[in-house]
file target_29.cif (mmCIF, C-alpha atoms and all ligand atoms)
data_protein
#
loop_
_atom_site.group_PDB
_atom_site.id
_atom_site.type_symbol
_atom_site.label_atom_id
_atom_site.label_comp_id
_atom_site.auth_asym_id
_atom_site.auth_seq_id
_atom_site.Cartn_x
_atom_site.Cartn_y
_atom_site.Cartn_z
ATOM 1 C CA MET A 1 -11.665 -2.258 19.038
ATOM 2 C CA ARG A 2 -9.629 0.313 17.094
ATOM 3 C CA ILE A 3 -9.499 -0.651 13.432
ATOM 4 C CA ALA A 4 -7.692 1.155 10.596
ATOM 5 C CA VAL A 5 -7.711 0.548 6.856
ATOM 6 C CA CYS A 6 -4.520 1.036 4.869
ATOM 7 C CA PRO A 7 -5.513 1.125 1.186
ATOM 8 C CA GLY A 8 -3.117 1.096 -1.753
ATOM 9 C CA SER A 9 -2.124 -0.469 -5.051
ATOM 10 C CA PHE A 10 0.846 -2.327 -3.533
ATOM 11 C CA ASP A 11 2.093 -3.242 -7.003
ATOM 12 C CA PRO A 12 4.237 -4.679 -5.491
ATOM 13 C CA VAL A 13 4.585 -4.214 -1.723
ATOM 14 C CA THR A 14 7.934 -2.613 -0.785
ATOM 15 C CA ASN A 15 9.894 -2.341 2.453
ATOM 16 C CA GLY A 16 8.546 1.233 2.685
ATOM 17 C CA HIS A 17 4.988 -0.113 2.865
ATOM 18 C CA LEU A 18 6.045 -2.758 5.387
ATOM 19 C CA ASP A 19 7.544 -0.067 7.613
ATOM 20 C CA ILE A 20 4.196 1.772 7.622
ATOM 21 C CA PHE A 21 2.304 -1.492 8.377
ATOM 22 C CA GLU A 22 4.619 -2.357 11.270
ATOM 23 C CA ARG A 23 4.289 1.075 12.836
ATOM 24 C CA ALA A 24 0.548 1.432 12.211
ATOM 25 C CA SER A 25 -0.170 -2.043 13.596
ATOM 26 C CA ASN A 26 1.294 -0.834 16.913
ATOM 27 C CA MET A 27 -1.269 1.959 17.010
ATOM 28 C CA TYR A 28 -4.422 -0.023 16.217
ATOM 29 C CA ASP A 29 -5.911 -3.312 17.370
ATOM 30 C CA LEU A 30 -6.432 -4.380 13.772
ATOM 31 C CA LEU A 31 -4.829 -3.040 10.594
ATOM 32 C CA ILE A 32 -6.625 -3.977 7.403
ATOM 33 C CA VAL A 33 -4.396 -3.633 4.348
ATOM 34 C CA ALA A 34 -6.671 -3.401 1.333
ATOM 35 C CA VAL A 35 -5.440 -3.736 -2.233
ATOM 36 C CA PHE A 36 -7.438 -1.634 -4.595
ATOM 37 C CA HIS A 37 -7.536 -1.072 -8.288
ATOM 38 C CA ASN A 38 -6.139 2.342 -9.178
ATOM 39 C CA PRO A 39 -7.510 3.128 -12.668
ATOM 40 C CA ASN A 40 -4.626 5.557 -13.259
ATOM 41 C CA LYS A 41 -1.977 2.859 -12.956
ATOM 42 C CA LYS A 42 -1.211 -0.111 -15.202
ATOM 43 C CA PRO A 43 -0.430 -2.966 -12.803
ATOM 44 C CA MET A 44 2.455 -5.415 -13.069
ATOM 45 C CA PHE A 45 0.807 -7.902 -10.709
ATOM 46 C CA THR A 46 -2.814 -9.068 -10.540
ATOM 47 C CA MET A 47 -4.890 -8.288 -7.446
ATOM 48 C CA GLU A 48 -4.549 -11.949 -6.392
ATOM 49 C CA GLU A 49 -0.752 -11.842 -6.722
ATOM 50 C CA ARG A 50 -0.547 -8.600 -4.771
ATOM 51 C CA VAL A 51 -2.684 -10.067 -1.981
ATOM 52 C CA GLU A 52 -0.513 -13.194 -1.953
ATOM 53 C CA LEU A 53 2.741 -11.198 -1.760
ATOM 54 C CA LEU A 54 1.324 -8.984 0.993
ATOM 55 C CA THR A 55 0.173 -12.036 2.946
ATOM 56 C CA SER A 56 3.589 -13.746 2.714
ATOM 57 C CA SER A 57 5.501 -10.624 3.690
ATOM 58 C CA THR A 58 3.359 -9.710 6.720
ATOM 59 C CA GLN A 59 3.410 -13.083 8.510
ATOM 60 C CA HIS A 60 5.283 -11.478 11.414
ATOM 61 C CA ILE A 61 2.495 -8.965 12.138
ATOM 62 C CA SER A 62 -0.217 -10.687 14.180
ATOM 63 C CA ASN A 63 -2.938 -8.013 14.025
ATOM 64 C CA ILE A 64 -2.984 -7.475 10.261
ATOM 65 C CA LYS A 65 -5.549 -8.612 7.723
ATOM 66 C CA ILE A 66 -4.958 -8.517 3.961
ATOM 67 C CA ASP A 67 -7.950 -7.914 1.737
ATOM 68 C CA SER A 68 -8.846 -6.467 -1.664
ATOM 69 C CA PHE A 69 -11.720 -4.374 -2.879
ATOM 70 C CA SER A 70 -13.097 -2.509 -5.833
ATOM 71 C CA GLY A 71 -15.499 0.366 -5.586
ATOM 72 C CA LEU A 72 -15.689 3.338 -3.299
ATOM 73 C CA LEU A 73 -13.176 3.489 -0.452
ATOM 74 C CA ASN A 74 -15.672 5.138 1.931
ATOM 75 C CA ASP A 75 -18.089 2.238 1.544
ATOM 76 C CA TYR A 76 -15.322 -0.287 2.102
ATOM 77 C CA VAL A 77 -14.054 1.505 5.220
ATOM 78 C CA ARG A 78 -17.555 1.633 6.732
ATOM 79 C CA GLN A 79 -18.100 -2.059 5.953
ATOM 80 C CA GLN A 80 -15.014 -2.771 8.064
ATOM 81 C CA ASN A 81 -16.681 -1.011 11.022
ATOM 82 C CA THR A 82 -14.237 1.842 11.191
ATOM 83 C CA ASN A 83 -13.781 5.407 9.987
ATOM 84 C CA ILE A 84 -9.978 5.500 9.904
ATOM 85 C CA ILE A 85 -7.743 5.381 6.831
ATOM 86 C CA VAL A 86 -3.966 5.251 7.227
ATOM 87 C CA ARG A 87 -1.716 6.448 4.398
ATOM 88 C CA GLY A 88 2.033 6.824 4.221
ATOM 89 C CA LEU A 89 3.615 10.130 3.234
ATOM 90 C CA ARG A 90 6.960 10.491 1.535
ATOM 91 C CA ALA A 91 8.123 13.685 -0.094
ATOM 92 C CA LEU A 92 6.275 16.894 -0.760
ATOM 93 C CA SER A 93 5.145 15.407 -4.059
ATOM 94 C CA ASP A 94 2.899 12.919 -2.198
ATOM 95 C CA PHE A 95 1.339 15.709 -0.197
ATOM 96 C CA GLU A 96 -0.653 17.375 -2.968
ATOM 97 C CA TYR A 97 -2.256 14.110 -4.095
ATOM 98 C CA GLU A 98 -2.902 12.827 -0.581
ATOM 99 C CA PHE A 99 -4.278 16.171 0.594
ATOM 100 C CA GLN A 100 -6.776 16.325 -2.285
ATOM 101 C CA ARG A 101 -7.766 12.718 -1.822
ATOM 102 C CA ALA A 102 -8.302 13.004 1.931
ATOM 103 C CA LEU A 103 -10.416 16.148 1.525
ATOM 104 C CA LEU A 104 -12.476 14.595 -1.262
ATOM 105 C CA ILE A 105 -13.175 11.524 0.854
ATOM 106 C CA LYS A 106 -14.146 13.766 3.767
ATOM 107 C CA LYS A 107 -16.454 15.808 1.565
ATOM 108 C CA VAL A 108 -18.289 12.663 0.505
ATOM 109 C CA ASP A 109 -18.304 11.150 3.981
ATOM 110 C CA PRO A 110 -17.378 13.576 6.807
ATOM 111 C CA VAL A 111 -17.020 10.813 9.392
ATOM 112 C CA ILE A 112 -13.962 9.345 7.670
ATOM 113 C CA GLU A 113 -10.584 10.461 9.026
ATOM 114 C CA THR A 114 -7.360 9.986 7.055
ATOM 115 C CA VAL A 115 -4.284 9.611 9.243
ATOM 116 C CA PHE A 116 -0.841 10.147 7.701
ATOM 117 C CA MET A 117 2.319 8.444 8.792
ATOM 118 C CA MET A 118 5.621 9.955 7.823
ATOM 119 C CA THR A 119 7.970 7.594 6.031
ATOM 120 C CA SER A 120 11.129 6.465 7.771
ATOM 121 C CA SER A 121 14.016 8.360 6.216
ATOM 122 C CA GLU A 122 15.644 5.220 4.794
ATOM 123 C CA TYR A 123 12.528 4.552 2.697
ATOM 124 C CA SER A 124 11.685 8.057 1.581
ATOM 125 C CA PHE A 125 12.959 7.353 -1.939
ATOM 126 C CA LEU A 126 11.181 4.006 -2.289
ATOM 127 C CA SER A 127 8.128 3.487 -4.502
ATOM 128 C CA SER A 128 6.561 0.520 -6.292
ATOM 129 C CA SER A 129 7.027 2.250 -9.637
ATOM 130 C CA GLY A 130 10.706 2.892 -8.863
ATOM 131 C CA ILE A 131 11.169 -0.793 -8.061
ATOM 132 C CA LYS A 132 9.540 -1.841 -11.340
ATOM 133 C CA GLU A 133 11.697 0.556 -13.300
ATOM 134 C CA LEU A 134 14.846 -0.605 -11.530
ATOM 135 C CA ALA A 135 13.999 -4.274 -12.131
ATOM 136 C CA LYS A 136 13.176 -3.668 -15.761
ATOM 137 C CA PHE A 137 16.658 -2.327 -16.404
ATOM 138 C CA GLY A 138 18.400 -5.019 -14.398
ATOM 139 C CA GLY A 139 19.061 -2.960 -11.248
ATOM 140 C CA LYS A 140 19.415 -4.573 -7.826
ATOM 141 C CA ILE A 141 16.253 -4.551 -5.735
ATOM 142 C CA LYS A 142 17.590 -6.638 -2.848
ATOM 143 C CA GLY A 143 16.872 -4.993 0.509
ATOM 144 C CA LEU A 144 14.220 -2.716 -0.991
ATOM 145 C CA VAL A 145 11.401 -5.253 -1.197
ATOM 146 C CA PRO A 146 10.487 -8.407 0.770
ATOM 147 C CA GLU A 147 12.296 -11.553 -0.446
ATOM 148 C CA CYS A 148 9.117 -13.079 -1.905
ATOM 149 C CA VAL A 149 8.649 -9.971 -4.053
ATOM 150 C CA GLU A 150 12.268 -10.050 -5.199
ATOM 151 C CA ALA A 151 11.881 -13.702 -6.219
ATOM 152 C CA ARG A 152 8.598 -13.050 -8.033
ATOM 153 C CA ILE A 153 10.029 -10.111 -9.972
ATOM 154 C CA LYS A 154 13.064 -12.193 -10.977
ATOM 155 C CA GLU A 155 10.742 -14.941 -12.269
ATOM 156 C CA ARG A 156 8.846 -12.334 -14.264
ATOM 157 C CA MET A 157 12.012 -10.916 -15.756
ATOM 158 C CA LYS A 158 13.194 -14.377 -16.797
ATOM 159 C CA ALA A 159 9.895 -15.153 -18.453
ATOM 160 C CA SER A 160 10.035 -11.668 -20.053
ATOM 161 C CA GLU A 161 6.361 -11.243 -19.413
ATOM 162 C CA TYR A 162 6.804 -7.661 -18.438
HETATM 163 P P1 LIG B 1 -1.558 4.256 -4.365
HETATM 164 O O1 LIG B 1 -1.781 3.749 -5.744
HETATM 165 O O2 LIG B 1 -2.822 4.415 -3.584
HETATM 166 O O3 LIG B 1 -0.699 5.495 -4.274
HETATM 167 P P2 LIG B 1 0.697 2.744 -3.348
HETATM 168 O O4 LIG B 1 0.769 1.274 -3.239
HETATM 169 O O5 LIG B 1 1.608 3.406 -4.309
HETATM 170 O O6 LIG B 1 -0.819 3.059 -3.616
HETATM 171 O O7 LIG B 1 0.926 3.379 -1.916
HETATM 172 C C1 LIG B 1 0.118 3.047 -0.826
HETATM 173 C C2 LIG B 1 0.432 3.980 0.335
HETATM 174 O O8 LIG B 1 1.755 3.738 0.811
HETATM 175 C C3 LIG B 1 0.378 5.459 -0.036
HETATM 176 O O9 LIG B 1 -0.146 6.161 1.068
HETATM 177 C C4 LIG B 1 1.815 5.800 -0.272
HETATM 178 O O10 LIG B 1 2.062 7.187 -0.058
HETATM 179 C C5 LIG B 1 2.476 4.947 0.794
HETATM 180 N N1 LIG B 1 3.869 4.655 0.498
HETATM 181 C C6 LIG B 1 4.400 4.126 -0.619
HETATM 182 N N2 LIG B 1 5.736 3.997 -0.521
HETATM 183 C C7 LIG B 1 6.071 4.455 0.711
HETATM 184 C C8 LIG B 1 7.300 4.628 1.413
HETATM 185 N N3 LIG B 1 8.461 4.296 0.868
HETATM 186 N N4 LIG B 1 7.248 5.143 2.669
HETATM 187 C C9 LIG B 1 6.058 5.499 3.195
HETATM 188 N N5 LIG B 1 4.877 5.393 2.593
HETATM 189 C C10 LIG B 1 4.875 4.882 1.363
#
call {"tool": "encode", "arguments": {"input": "target_29.cif", "output": "structure tokens"}}
result
Amino acid sequence: MRIAVCPGSFDPVTNGHLDIFERASNMYDLLIVAVFHNPNKKPMFTMEERVELLTSSTQHISNIKIDSFSGLLNDYVRQQNTNIIVRGLRALSDFEYEFQRALLIKKVDPVIETVFMMTSSEYSFLSSSGIKELAKFGGKIKGLVPECVEARIKERMKASEY
């Protein structure tokens, strides 16, 4: 069975992420989307909320599993009985970070392979941080994120928690 792990913060999941999941799930028997804690980013949503939003928005993909983890990615990937990580790539600015990360992971654990999927052009501008910024200033996020995410962000804005 070909298994791949797609790790990320997914704070929150966007239509750009969904596009990568849909395409990657056609290439593997099982795609495990794993929410992880990125210490460099201050999250808007808790891990539990991010898992919940990912679960609701991926109901149409039958061979996907949503999970969360903390700790070393290599260890997590091996625990899932695979050696494949899938990451999405947008502009050149993603490349530097992703390149370093993939090489570092490989240095620590040479068996692990990171596979990159190019974004679809209509999502190349889309990022979770862009969505949060847009929402914060009252911009329209319809069509950029799954409906459950849009609704959750609107609730947040009303409650002015963020
Ligand atoms: P991280 O904190 O690890 O960067 P993100 O949730 O921001 O997590 O992103 C997870 C993965 O999805 C990364 O590989 C990122 O490059 C990719 N990604 C994010 N937005 C898009 C998009 N619009 N198109 C393609 N890939 C994307």
call {"tool": "resolve_selection", "arguments": {"input": "target_29.cif", "expression": "the PyMOL selection byres (((chain A and resi 30-47) around 8) and not hetatm)", "output": "PyMOL selection string"}}
result
chain A and resi 1-12+21+24-25+28-29+48-51+63-70+162
call {"tool": "residues_near_ligand", "arguments": {"input": "target_29.cif", "ligand": "ligand LIG 1 (chain B)", "cutoff": "7 Å", "atoms": "only C-alpha atoms and all ligand atoms", "output": "PDB file with C-alpha atoms, keeping the file's coordinate frame"}}
result
ATOM      1  CA  PRO A   7      -5.513   1.125   1.186  1.00  0.00           C
ATOM      2  CA  GLY A   8      -3.117   1.096  -1.753  1.00  0.00           C
ATOM      3  CA  SER A   9      -2.124  -0.469  -5.051  1.00  0.00           C
ATOM      4  CA  PHE A  10       0.846  -2.327  -3.533  1.00  0.00           C
ATOM      5  CA  ASP A  11       2.093  -3.242  -7.003  1.00  0.00           C
ATOM      6  CA  VAL A  13       4.585  -4.214  -1.723  1.00  0.00           C
ATOM      7  CA  THR A  14       7.934  -2.613  -0.785  1.00  0.00           C
ATOM      8  CA  ASN A  15       9.894  -2.341   2.453  1.00  0.00           C
ATOM      9  CA  GLY A  16       8.546   1.233   2.685  1.00  0.00           C
ATOM     10  CA  HIS A  17       4.988  -0.113   2.865  1.00  0.00           C
ATOM     11  CA  ILE A  20       4.196   1.772   7.622  1.00  0.00           C
ATOM     12  CA  ASN A  38      -6.139   2.342  -9.178  1.00  0.00           C
ATOM     13  CA  ARG A  87      -1.716   6.448   4.398  1.00  0.00           C
ATOM     14  CA  GLY A  88       2.033   6.824   4.221  1.00  0.00           C
ATOM     15  CA  LEU A  89       3.615  10.130   3.234  1.00  0.00           C
ATOM     16  CA  ARG A  90       6.960  10.491   1.535  1.00  0.00           C
ATOM     17  CA  ASP A  94       2.899  12.919  -2.198  1.00  0.00           C
ATOM     18  CA  MET A 118       5.621   9.955   7.823  1.00  0.00           C
ATOM     19  CA  THR A 119       7.970   7.594   6.031  1.00  0.00           C
ATOM     20  CA  SER A 120      11.129   6.465   7.771  1.00  0.00           C
ATOM     21  CA  TYR A 123      12.528   4.552   2.697  1.00  0.00           C
ATOM     22  CA  SER A 124      11.685   8.057   1.581  1.00  0.00           C
ATOM     23  CA  PHE A 125      12.959   7.353  -1.939  1.00  0.00           C
ATOM     24  CA  LEU A 126      11.181   4.006  -2.289  1.00  0.00           C
ATOM     25  CA  SER A 127       8.128   3.487  -4.502  1.00  0.00           C
ATOM     26  CA  SER A 128       6.561   0.520  -6.292  1.00  0.00           C
TER      27      SER A 128
END
call {"tool": "closest_residue", "arguments": {"input": "target_29.cif", "among": "A:Met27, A:Leu54, A:Cys148, A:Val111", "to": "Thr82 (chain A)", "atoms": "only C-alpha atoms"}}
result
A:Val111
call {"tool": "atom_distance", "arguments": {"input": "target_29.cif", "atom1": "CA of Ile84 (chain A)", "atom2": "CA of Val115 (chain A)"}}
result
7.1 Å
call {"tool": "atom_distance", "arguments": {"input": "target_29.cif", "atom1": "CA of Ser129 (chain A)", "atom2": "CA of Arg152 (chain A)"}}
result
15.5 Å
call {"tool": "residues_around", "arguments": {"input": "target_29.cif", "residues": "Ala151 (chain A)", "least_positions_apart": "2", "cutoff": "12 Å", "atoms": "all atoms listed in the file", "output": "PyMOL selection string"}}
result
chain A and resi 12+53+135+140-142+145-149+153-158
call {"tool": "resolve_selection", "arguments": {"input": "target_29.cif", "expression": "the PyMOL selection byres (((chain A and resi 97-104) around 12) and not hetatm)", "output": "PyMOL selection string"}}
result
chain A and resi 8+72-74+84-96+105-117
call {"tool": "atom_distance", "arguments": {"input": "target_29.cif", "atom1": "CA of Ser57 (chain A)", "atom2": "CA of Leu134 (chain A)"}}
result
20.5 Å
call {"tool": "axis_aligned_box", "arguments": {"input": "target_29.cif", "around": "region 126-144 of chain A", "padding_each_side": "5 Å", "output": "lines of an AutoDock Vina configuration file"}}
result
center_x = 13.0
center_y = -1.3
center_z = -7.9
size_x = 22.9
size_y = 20.6
size_z = 26.9
